[in-house]
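Pasting structure-v6.cif here (mmCIF, C-alpha atoms):
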data_work
#
loop_
_atom_site.label_atom_id
_atom_site.label_comp_id
_atom_site.auth_asym_id
_atom_site.auth_seq_id
_atom_site.Cartn_x
_atom_site.Cartn_y
_atom_site.Cartn_z
CA MET A 1 100.77 108.33 122.62
CA THR A 2 98.30 110.91 121.40
CA ALA A 3 96.05 110.01 118.47
CA VAL A 4 94.22 112.71 116.51
CA THR A 5 92.19 112.83 113.33
CA ALA A 6 93.82 114.30 110.25
CA THR A 7 91.37 117.22 110.37
CA GLU A 8 92.11 117.94 114.03
CA PHE A 9 95.84 117.68 113.32
CA ALA A 10 95.62 120.18 110.47
CA LYS A 11 93.63 122.65 112.56
CA GLY A 12 95.94 122.34 115.58
CA PHE A 13 99.28 121.86 113.84
CA GLY A 14 101.14 124.30 116.13
CA ARG A 15 99.99 122.47 119.24
CA TYR A 16 100.83 119.03 117.85
CA LYS A 17 104.19 120.24 116.56
CA GLU A 18 105.14 121.08 120.13
CA GLU A 19 103.64 117.87 121.52
CA ALA A 20 105.63 115.79 119.00
CA GLN A 21 108.81 117.01 120.72
CA ARG A 22 107.74 114.88 123.72
CA GLU A 23 106.02 111.90 122.06
CA PRO A 24 104.90 110.72 118.61
CA ILE A 25 101.44 111.80 117.42
CA ALA A 26 99.35 109.15 115.63
CA ILE A 27 97.32 110.70 112.78
CA THR A 28 94.08 108.85 112.04
CA SER A 29 91.79 108.88 109.05
CA TYR A 30 88.45 107.09 109.07
CA GLY A 31 89.34 105.49 112.41
CA ARG A 32 92.66 104.00 111.28
CA VAL A 33 96.19 105.25 111.85
CA SER A 34 97.49 106.63 108.57
CA GLY A 35 100.81 107.99 109.82
CA TYR A 36 102.81 109.45 112.66
CA PHE A 37 104.17 112.92 113.34
CA ILE A 38 107.49 112.73 115.16
CA SER A 39 110.21 115.13 116.24
CA ALA A 40 113.30 115.74 114.13
CA HIS A 41 115.33 114.02 116.85
CA GLU A 42 113.18 110.86 116.65
CA PHE A 43 113.43 110.86 112.85
CA GLU A 44 117.23 111.19 112.96
CA GLU A 45 117.40 108.30 115.45
CA LEU A 46 115.22 106.19 113.15
CA GLN A 47 117.53 106.98 110.21
CA ARG A 48 120.58 106.07 112.31
CA LEU A 49 119.06 102.72 113.29
CA ARG A 50 118.05 101.95 109.71
CA ALA A 51 121.63 102.53 108.59
CA LEU A 52 122.75 99.83 111.04
CA GLU A 53 120.35 97.20 109.68
CA ARG A 54 121.84 94.18 108.00
CA ARG A 55 121.40 94.23 104.25
CA VAL A 56 120.50 91.08 102.34
CA TYR A 57 121.00 90.73 98.59
CA THR A 58 120.19 88.08 96.01
CA VAL A 59 123.15 87.23 93.77
CA GLU A 60 121.60 89.23 90.93
CA GLU A 61 121.32 92.42 92.98
CA LEU A 62 124.68 92.19 94.79
CA PRO A 63 126.52 95.49 94.20
CA LEU A 64 129.87 95.09 92.43
CA GLU A 65 131.80 96.74 95.28
CA VAL A 66 130.30 94.26 97.77
CA ALA A 67 131.15 91.29 95.53
CA GLU A 68 134.73 92.58 95.14
CA ALA A 69 135.08 93.04 98.91
CA ILE A 70 133.90 89.47 99.46
CA GLY A 71 136.36 88.21 96.84
CA LYS A 72 139.27 90.00 98.52
CA SER A 73 138.39 88.89 102.04
CA LYS A 74 140.55 86.38 103.92
CA MET A 75 139.46 83.94 106.58
CA ASP A 76 141.11 84.12 109.97
CA PRO A 77 143.81 81.39 110.08
CA SER A 78 142.30 79.99 113.28
CA HIS A 79 139.44 78.68 111.12
CA SER A 80 141.66 76.86 108.58
CA HIS A 81 140.45 73.48 109.86
CA LEU A 82 137.10 74.27 108.24
CA ASP A 83 138.67 74.11 104.76
CA ALA A 84 138.43 70.33 104.95
CA LEU A 85 134.64 70.66 104.83
CA LEU A 86 134.95 72.08 101.30
CA ASP A 87 137.01 69.17 99.93
CA ASP A 88 135.25 66.89 97.42
CA LYS A 89 134.82 63.40 98.74
#
Just give me the structure as structure tokens.
Amino acid sequence: MTAVTATEFAKGFGRYKEEAQREPIAITSYGRVSGYFISAHEFEELQRLRALERRVYTVEELPLEVAEAIGKSKMDPSHSHLDALLDDK
């Protein structure tokens, strides 16, 4: 992966725009990476992967449509034997 300073990146944007089609470009500032310049294809792939991530909610932030979907869901009958675990003893 190529790493360039922010100043160098700004001066050579055209060059790095083309290079980003092949690999990400790390942009540094004061010796530390401050961001990456990537191709549109890489960004779209990142967005696609993020959409597949599992979402976790606390009860307070659970969207109504998700709560309703959970309420309407049915367990597969092959798991009915697990109902006994919910019985008060």
Checklist entry - Suppose you want the space between CA of Ser78 (chain A) and CA of Val66 (chain A); what is it in Å? => result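 Separation between CA of Ser78 (chain A) and CA of Val66 (chain A): 24.3 Å.
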Item to check | d(CA of Glu23 (chain A), CA of Met1 (chain A)) in Å | outcome: 6.4 Å
Checklist entry - Which residue gives the smallest distance to Glu18 (chain A) among A:Ile38, A:Leu64, A:Ala6, A:Ile70, with all atoms listed in the file counted? => result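 With all atoms listed in the file as the atom set, the closest residue is A:Ile38.
Between CA of Arg50 (chain A) and CA of Val4 (chain A) lies a distance of 27.0 Å.
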Checklist outcome for this item: Counting all atoms listed in the file, the residue among A:Val59, A:Ala26, A:Ala20, A:Leu52 that lies closest to Ala40 (chain A) is A:Ala20
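With all atoms listed in the file taken into account, every residue lying no more than 12 Å from the file point (110.2, 122.7, 116.2) is included here: Phe13, Gly14, Arg15, Tyr16, Lys17, Glu18, Glu19, Ala20, Gln21, Arg22, Phe37, Ile38, Ser39, Ala40 and His41 of chain A.
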How big is the axis-aligned box around all listed atoms of region 50-64 of chain A once 4 Å goes on each side, and where's its centre, in Å to one decimal, as lines of an AutoDock Vina configuration file?
center_x = 124.0
center_y = 94.9
center_z = 101.0
size_x = 19.8
size_y = 23.3
size_z = 28.1
Enumerate, as a tab-separated table (two decimals) with C-alpha atoms, keeping the file's coordinate frame, the residues matched when the PyMOL selection byres ((chain A and resi 30) around 12) is run on the file above.
chain	number	residue	atom	x	y	z
A	4	VAL	CA	94.22	112.71	116.51
A	5	THR	CA	92.19	112.83	113.33
A	6	ALA	CA	93.82	114.30	110.25
A	7	THR	CA	91.37	117.22	110.37
A	27	ILE	CA	97.32	110.70	112.78
A	28	THR	CA	94.08	108.85	112.04
A	29	SER	CA	91.79	108.88	109.05
A	31	GLY	CA	89.34	105.49	112.41
A	32	ARG	CA	92.66	104.00	111.28
A	33	VAL	CA	96.19	105.25	111.85
A	34	SER	CA	97.49	106.63	108.57
Next on the checklist: Considering only C-alpha atoms, can you say which of A:Leu82, A:Val56, A:Ile25, A:Ala69 comes closest to Ala3 (chain A)?
Outcome noted: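 Looking only at the distances to Ala3 (chain A), the closest residue turns out to be A:Ile25.
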